[in-house]
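A.B. asks: The structure follows.
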Amino acid sequence: MSPIQKRNHTFDPTSVNNPTTSPAKRLRGGGEYEEYYEEIEEEPPIIEEAQEQEYCEPTSSENNDKSHWSRPSLKPHHLTNDRDIHMQWLDIDMIGREKPLSKNPNPHKPVVGSTVGPVPVIRVFGVTDEGHSCSVFVHGFTPYGYFELPEEWNEYFDRGNSHSAVEELREMLNDRIRFGLKHNKVEECVLSVQIVDDRSSILGYDVSSLSKSKKFVKVYVAMPNFVPVLVRVLKDGISLRGMNAVDVQPYECNVPYVLRFMIDREATGAGWLTLPANTYATRTNADQETHCQLEVDICYPEIIPHKAEGEWSKIAPLRILSFDIECQGRPGKFPEAEQDPVIQIANSLTVYGEKSPRVKNVFTLKNCLPIVGAQVITSEEEEDVLLKWRAFLQACDADIITGYNVQNFDIPYLLDRADALSKKSKANATKMRPFKLWGRIKGQPAKMRESTFQSAAYGKRNNVDTTIDGRVVFDMLPYMQRNHKLSSYTLNSVSSEFLGQQKEDVHHSIISTLQNGSDEDRHRLAVYCLKDALLPQRLMDKLSVMVNYVEMARVTGVPMSFLISRGQQIKVFSMILRKCRNVKLLVPTLRKNFSSGTDAGYEGATVLDPIKAYYEEPIATLDFASLYPSIMQAYNLCFSTLVSPADARKLDPSQYKKKRKWAHFCHSRNKERNSSYYFGRIAVSSKARKEGYEKCCHRI
């Protein structure tokens, strides 16, 4: 297609947006478009770098003990761009920049994306095959959405003045979106408009010969949060000069921006990416925005994603930190961060692929006897316990943070406790300010928000979601509740069930007594705390949790964070979008109907009650393997094969099957269902992963 015309310049969506010193805005990766695009979070005030570094450095007396906390050191050749970078990515988000990149890091290619600000920049965090942490700033990918061109407009756009009609449409949409945005200072919200005539809708089997001439409009906008405004404009109706206003159908306007990027680049979740030599720019220490060892800028067309096959099915040496805290609560009361101190923090740092933890340590308040096989780091002040632990977190540079109920207790408690300590005095406030710097973005603290997770498969739960930029929080308690039916989900019960191990025998009622006792008493408490940090990691290894989630992210094509925080729908939606893109189908953005006040339910399968009795002869039970998918495959059931009753009259009865008065589906010889692709891919991928896993276990 020819470049898209913009009012004052030519905009090529396939043709990088340089980070400037302007404040960044972070876009969370998930949710429906009403929630997702409009919630661009203002970053909290940046903490001064000098202040941050003051508490990141370990004390001189402990330098030797802490040397093995860090990742492998970079060598000079790692800092040049004359070599390919292979990385497995884990976390992804988006930030907004005031200005785009001035030139392409690839000297042989022009700048891609918009040449005026603001622009979105994608941040990808991962680990190289050599174990180095890496952050990639991806530039030039422009958000967009589709809508169907009304039939009555076809003649107007088919005339010789089609170029002026497209520009008129762009200006009209731009003005409507600017009017619909609050506190908007962006002049050019709609960058360009394209007429697309090689797509069709997935919704329904179109028997009309006019379907080949159906046209869609592809609208490129400056920022992802402009897309929901575009949807509202389309729903309210749009009109051109001399034409009546029409309500048009939007398509693919509810796709999260980072997922849109992954689909268009055919990148899978937790997959491997290659940054070819001489196509990226490596940032120096002075220019780095993150704590990652490698930090690069690249234009999105240069990135090469790999399918999870052969050597690219491996998992990088990810660093997994499991931790647990102990609090000195008051008798008979549950600990409260406003009043009760954190007295111990135990940690277990494991590198994926290694059999035993690389680091085991405990940060304690007051002295403690040594623990065999673990470090004990003591402090006389609670503030120092927290700050030393944060320094450890940054030094070990964990990719995944795990534990048991860390999402709703340990992490929020630590952050809230730091706030409580900061209120004691101005000196304490200054001292504790760097504590929340847990993430990989310099100066950006961890952020908490309450959320509600609800799905048909997992039910409804209230959680505290903490955003730690560049790191994935993986709580083992919700995982066990989702995937295993147990009578009790306490760490003691779960460990006994799957590991044959139990926690140390320390009742919560004596924790305060042990803390106020001797060094030997605190040693007993430290061993208990360390065991609570080790058990979640052992559960993760025993149940192959990391392998399962990485492979699920690869098969469904979503980030790992989506698997942790969201339900089943986003997985299916991602796979539908990927298949539709290959066969040039568009998925409509349908408005949810909340008029009834409750969500519509679906009738499940009939379940026969067993006949209770004592049977001397064994009773054989039979069940379908994947009953619903088998039915869908057998009868060619799919959105794209559904024939409306009106269109059914235009077809020969032999061309479709009648299921109900209103449901007709065309035969596979006329149009094969797209759903067979998903079932086939999942079945083949699952089988291949299982065989590979069994071979791996056999070798071990």
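In the structure tokens, each chain is lettered A, B, ... as it comes, each chain's residues begin at 1, and ligands are numbered from 1 in order of appearance.
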Go through range 407-508 of chain A and collect every residue that DSSP, computed from the backbone, puts in strand (DSSP E or B); the answer should be as a PDB file with C-alpha atoms, in the first residue's frame.
C.D. replies:
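The result, written out as out-v4.pdb:
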ATOM      1  CA  ILE A 441      12.981   1.209  36.045  1.00  0.00           C
ATOM      2  CA  LYS A 447       2.632   0.483  42.908  1.00  0.00           C
ATOM      3  CA  MET A 448      -0.299  -1.309  44.544  1.00  0.00           C
ATOM      4  CA  ARG A 449      -3.962  -1.344  43.578  1.00  0.00           C
ATOM      5  CA  GLU A 450      -6.902  -3.430  44.669  1.00  0.00           C
ATOM      6  CA  SER A 451      -8.485  -5.575  41.984  1.00  0.00           C
ATOM      7  CA  THR A 452     -11.184  -8.187  41.554  1.00  0.00           C
ATOM      8  CA  PHE A 453     -10.516 -11.300  39.527  1.00  0.00           C
ATOM      9  CA  GLN A 454     -13.604 -13.070  38.250  1.00  0.00           C
ATOM     10  CA  SER A 455     -14.122 -15.781  35.665  1.00  0.00           C
ATOM     11  CA  GLY A 459     -14.816 -17.740  40.447  1.00  0.00           C
ATOM     12  CA  LYS A 460     -14.400 -14.326  42.085  1.00  0.00           C
ATOM     13  CA  ARG A 461     -11.503 -13.192  44.281  1.00  0.00           C
ATOM     14  CA  ASN A 462     -10.334  -9.841  45.614  1.00  0.00           C
ATOM     15  CA  ASN A 463      -6.601  -9.270  45.232  1.00  0.00           C
ATOM     16  CA  VAL A 464      -3.925  -6.654  45.685  1.00  0.00           C
ATOM     17  CA  ASP A 465      -2.037  -6.268  42.414  1.00  0.00           C
ATOM     18  CA  THR A 466       1.452  -4.816  42.707  1.00  0.00           C
ATOM     19  CA  THR A 467       3.215  -3.525  39.617  1.00  0.00           C
ATOM     20  CA  VAL A 472       6.730 -10.899  37.185  1.00  0.00           C
ATOM     21  CA  VAL A 473       4.970 -11.554  40.500  1.00  0.00           C
ATOM     22  CA  PHE A 474       3.865 -15.191  40.642  1.00  0.00           C
ATOM     23  CA  ASP A 475       2.036 -16.181  43.816  1.00  0.00           C
TER      24      ASP A 475
END
A.B. asks: Using the chain letters and numbers from this document, which residues of range 264-439 of chain A does DSSP assign to alpha helix (DSSP H), as a PDB file with C-alpha atoms, in the first residue's frame?
C.D. replies:
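Wrote it out as result09.pdb, contents follow:
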ATOM      1  CA  ASP A 264       1.316  -8.297  14.188  1.00  0.00           C
ATOM      2  CA  GLU A 382      13.874  -2.302  61.386  1.00  0.00           C
ATOM      3  CA  GLU A 383      14.508   0.348  58.734  1.00  0.00           C
ATOM      4  CA  ASP A 384      17.897  -1.220  57.997  1.00  0.00           C
ATOM      5  CA  VAL A 385      16.335  -4.683  57.668  1.00  0.00           C
ATOM      6  CA  LEU A 386      13.989  -3.407  54.964  1.00  0.00           C
ATOM      7  CA  LEU A 387      16.613  -1.364  53.125  1.00  0.00           C
ATOM      8  CA  LYS A 388      19.165  -4.183  53.105  1.00  0.00           C
ATOM      9  CA  TRP A 389      16.535  -6.533  51.731  1.00  0.00           C
ATOM     10  CA  ARG A 390      15.700  -4.073  48.954  1.00  0.00           C
ATOM     11  CA  ALA A 391      19.400  -3.793  48.122  1.00  0.00           C
ATOM     12  CA  PHE A 392      19.469  -7.602  47.874  1.00  0.00           C
ATOM     13  CA  LEU A 393      16.444  -7.572  45.567  1.00  0.00           C
ATOM     14  CA  GLN A 394      18.146  -5.149  43.199  1.00  0.00           C
ATOM     15  CA  ALA A 395      21.480  -6.972  43.400  1.00  0.00           C
ATOM     16  CA  CYS A 396      20.052 -10.396  42.577  1.00  0.00           C
ATOM     17  CA  ILE A 411       4.313  -7.567  49.370  1.00  0.00           C
ATOM     18  CA  PRO A 412       1.548  -5.179  50.532  1.00  0.00           C
ATOM     19  CA  TYR A 413       2.733  -5.507  54.141  1.00  0.00           C
ATOM     20  CA  LEU A 414       6.302  -4.512  53.276  1.00  0.00           C
ATOM     21  CA  LEU A 415       5.180  -1.495  51.252  1.00  0.00           C
ATOM     22  CA  ASP A 416       2.671  -0.386  53.872  1.00  0.00           C
ATOM     23  CA  ARG A 417       5.200  -0.894  56.659  1.00  0.00           C
ATOM     24  CA  ALA A 418       7.667   1.338  54.853  1.00  0.00           C
ATOM     25  CA  ASP A 419       4.973   4.046  54.726  1.00  0.00           C
ATOM     26  CA  ALA A 420       4.322   3.619  58.442  1.00  0.00           C
ATOM     27  CA  LEU A 421       8.027   3.972  59.276  1.00  0.00           C
ATOM     28  CA  SER A 422       8.266   7.048  57.040  1.00  0.00           C
ATOM     29  CA  LYS A 426      11.313  13.598  58.340  1.00  0.00           C
ATOM     30  CA  ALA A 427      14.641  11.831  58.656  1.00  0.00           C
ATOM     31  CA  ASN A 428      12.880   8.452  58.487  1.00  0.00           C
ATOM     32  CA  ALA A 429      10.840   9.586  55.503  1.00  0.00           C
ATOM     33  CA  THR A 430      14.032  10.517  53.652  1.00  0.00           C
ATOM     34  CA  LYS A 431      15.741   7.289  54.692  1.00  0.00           C
ATOM     35  CA  MET A 432      12.857   5.015  53.672  1.00  0.00           C
TER      36      MET A 432
END
A.B. asks: Quick one: pull the distance between CA of Gly353 in chain A and CA of Gln501 in chain A, Å, one decimal.
C.D. replies: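 Here the two named atoms are 22.3 Å from each other.
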A.B. asks: Report the closest atom pair, with its distance in Å rounded to one decimal, for each residue of range 89-119 of chain A that has an atom no farther than 10 Å from range 140-148 of chain A; count only C-alpha atoms, sort by chain and then rising residue number, and write it as JSON lines.
C.D. replies:
{"residue": "A:Pro100", "atom": "CA", "partner": "A:Gly140", "partner_atom": "CA", "distance": 8.1}
{"residue": "A:Leu101", "atom": "CA", "partner": "A:Gly140", "partner_atom": "CA", "distance": 8.5}
{"residue": "A:Asn104", "atom": "CA", "partner": "A:Gly140", "partner_atom": "CA", "distance": 9.6}
{"residue": "A:Val111", "atom": "CA", "partner": "A:Gly140", "partner_atom": "CA", "distance": 7.8}
{"residue": "A:Val112", "atom": "CA", "partner": "A:Gly140", "partner_atom": "CA", "distance": 5.0}
{"residue": "A:Gly113", "atom": "CA", "partner": "A:Gly140", "partner_atom": "CA", "distance": 4.1}
{"residue": "A:Ser114", "atom": "CA", "partner": "A:Gly140", "partner_atom": "CA", "distance": 6.9}
{"residue": "A:Thr115", "atom": "CA", "partner": "A:Gly140", "partner_atom": "CA", "distance": 9.2}
{"residue": "A:Val119", "atom": "CA", "partner": "A:Thr142", "partner_atom": "CA", "distance": 8.0}
A.B. asks: Store the residues picked out above in a file with N, CA and C atoms, as a short mmCIF file (atom, residue, chain, number, x, y, z; two decimals), in the first residue's frame.
C.D. replies:
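File produced: selection_3.cif:
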data_model
loop_
_atom_site.label_atom_id
_atom_site.label_comp_id
_atom_site.auth_asym_id
_atom_site.auth_seq_id
_atom_site.Cartn_x
_atom_site.Cartn_y
_atom_site.Cartn_z
N PRO A 100 9.24 11.49 19.18
CA PRO A 100 9.70 10.23 18.59
C PRO A 100 11.21 10.22 18.42
N LEU A 101 11.73 9.08 18.05
CA LEU A 101 13.16 8.95 17.80
C LEU A 101 13.53 9.74 16.56
N ASN A 104 16.54 6.14 12.78
CA ASN A 104 16.48 4.70 12.96
C ASN A 104 17.85 4.18 13.39
N VAL A 111 13.18 6.24 9.46
CA VAL A 111 12.40 6.21 10.68
C VAL A 111 11.03 5.59 10.41
N VAL A 112 10.52 4.81 11.34
CA VAL A 112 9.19 4.23 11.21
C VAL A 112 8.24 4.90 12.19
N GLY A 113 6.95 4.80 11.90
CA GLY A 113 5.95 5.36 12.80
C GLY A 113 5.78 6.85 12.62
N SER A 114 5.14 7.47 13.58
CA SER A 114 4.85 8.90 13.51
C SER A 114 6.11 9.72 13.70
N THR A 115 6.16 10.86 13.03
CA THR A 115 7.29 11.77 13.16
C THR A 115 6.99 12.93 14.10
N VAL A 119 4.11 9.75 21.19
CA VAL A 119 4.20 8.43 20.57
C VAL A 119 4.26 7.37 21.66
#
A.B. asks: Would you pick out the contacts of Thr268 in chain A at 7 Å or less, using only C-alpha atoms, so that residues sharing its chain but fewer than 4 positions from it are not included, and give the list as a list in words?
C.D. replies: Met262, Ala553, Arg554, Gly557 and Val558 of chain A
A.B. asks: Find the spatial neighbours of range 226-231 of chain A, counting only C-alpha atoms, within a cut-off of 10 Å - ignore same-chain residues fewer than 5 positions away - and output them as a PDB file with C-alpha atoms, in the first residue's frame.
C.D. replies:
ATOM      1  CA  GLU A  32     -11.473  -4.522  27.884  1.00  0.00           C
ATOM      2  CA  TYR A  33     -10.942  -1.389  25.856  1.00  0.00           C
ATOM      3  CA  GLU A  34     -13.022   0.791  28.192  1.00  0.00           C
ATOM      4  CA  GLU A  35     -10.755  -0.161  31.097  1.00  0.00           C
ATOM      5  CA  TYR A  36      -7.498  -0.792  29.292  1.00  0.00           C
ATOM      6  CA  TYR A  37      -6.872   2.173  27.088  1.00  0.00           C
ATOM      7  CA  GLU A  38      -8.189   4.904  29.302  1.00  0.00           C
ATOM      8  CA  PRO A 143      -2.027   1.761  17.359  1.00  0.00           C
ATOM      9  CA  TYR A 144      -4.975   1.328  15.030  1.00  0.00           C
ATOM     10  CA  GLY A 145      -8.508   0.045  14.662  1.00  0.00           C
ATOM     11  CA  TYR A 146     -10.918  -0.799  11.846  1.00  0.00           C
ATOM     12  CA  PHE A 147     -14.487   0.026  10.973  1.00  0.00           C
ATOM     13  CA  LEU A 173     -12.474  11.703  12.903  1.00  0.00           C
ATOM     14  CA  ASN A 174      -9.599  13.770  14.249  1.00  0.00           C
ATOM     15  CA  ARG A 176     -14.435  14.254  16.872  1.00  0.00           C
ATOM     16  CA  ILE A 177     -11.737  12.436  18.877  1.00  0.00           C
ATOM     17  CA  ARG A 178     -10.147  15.709  20.031  1.00  0.00           C
ATOM     18  CA  PHE A 179     -13.564  16.868  21.220  1.00  0.00           C
ATOM     19  CA  GLY A 180     -14.156  13.553  23.025  1.00  0.00           C
ATOM     20  CA  LEU A 181     -10.898  13.613  24.997  1.00  0.00           C
ATOM     21  CA  CYS A 189      -5.054  12.423  17.197  1.00  0.00           C
ATOM     22  CA  VAL A 190      -5.777  10.582  13.947  1.00  0.00           C
ATOM     23  CA  VAL A 219      -7.575   4.259  11.329  1.00  0.00           C
ATOM     24  CA  TYR A 220      -4.135   4.956  12.796  1.00  0.00           C
ATOM     25  CA  VAL A 221      -4.163   7.039  15.986  1.00  0.00           C
ATOM     26  CA  ASP A 236     -22.572   7.718  17.995  1.00  0.00           C
ATOM     27  CA  GLY A 237     -22.574   7.912  14.203  1.00  0.00           C
ATOM     28  CA  VAL A 248     -20.768   2.002  11.833  1.00  0.00           C
ATOM     29  CA  GLN A 249     -19.382  -1.256  13.230  1.00  0.00           C
ATOM     30  CA  PRO A 250     -15.850  -1.084  14.730  1.00  0.00           C
ATOM     31  CA  TYR A 251     -13.468  -4.024  14.390  1.00  0.00           C
ATOM     32  CA  GLU A 252     -10.536  -5.082  16.596  1.00  0.00           C
ATOM     33  CA  CYS A 253     -10.676  -1.922  18.688  1.00  0.00           C
ATOM     34  CA  ASN A 254     -10.616  -3.830  21.996  1.00  0.00           C
ATOM     35  CA  VAL A 255      -7.234  -5.470  21.458  1.00  0.00           C
ATOM     36  CA  TYR A 257      -1.903  -2.466  22.525  1.00  0.00           C
ATOM     37  CA  THR A 589     -15.840  -5.152  18.574  1.00  0.00           C
ATOM     38  CA  ARG A 591     -20.839  -3.775  22.723  1.00  0.00           C
TER      39      ARG A 591
END
A.B. asks: Taking only C-alpha atoms into account, name the residue in A:Phe125, A:Pro110, A:Trp69, A:Met480 that is nearest to Val359 in chain A.
C.D. replies: A:Trp69
A.B. asks: How many Å lie between CA of Asn285 in chain A and CA of Tyr300 in chain A, rounded to one decimal?
C.D. replies: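 These two atoms are separated by 23.2 Å.
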A.B. asks: Please provide as a PyMOL selection string all residues within 10 Å of range 541-544 of chain A, with the sequence filter that same-chain residues fewer than 6 positions apart are discarded (counting only C-alpha atoms).
C.D. replies: chain A and resi 352-353+355+498-499+535+693
A.B. asks: Excluding Ala398 in chain A and any residue of its chain fewer than 5 positions from it, enumerate the residues within 6 Å of it, using only C-alpha atoms, and give them as a ChimeraX atom specification.
C.D. replies: /A:319-321
A.B. asks: For the selection you just gave me, I'd like the residues written to a file as a PDB file, in the first residue's frame, keeping C-alpha atoms.
C.D. replies:
ATOM      1  CA  ARG A 319      16.279 -15.942  38.227  1.00  0.00           C
ATOM      2  CA  ILE A 320      13.415 -16.819  40.587  1.00  0.00           C
ATOM      3  CA  LEU A 321      13.236 -15.253  44.037  1.00  0.00           C
TER       4      LEU A 321
END
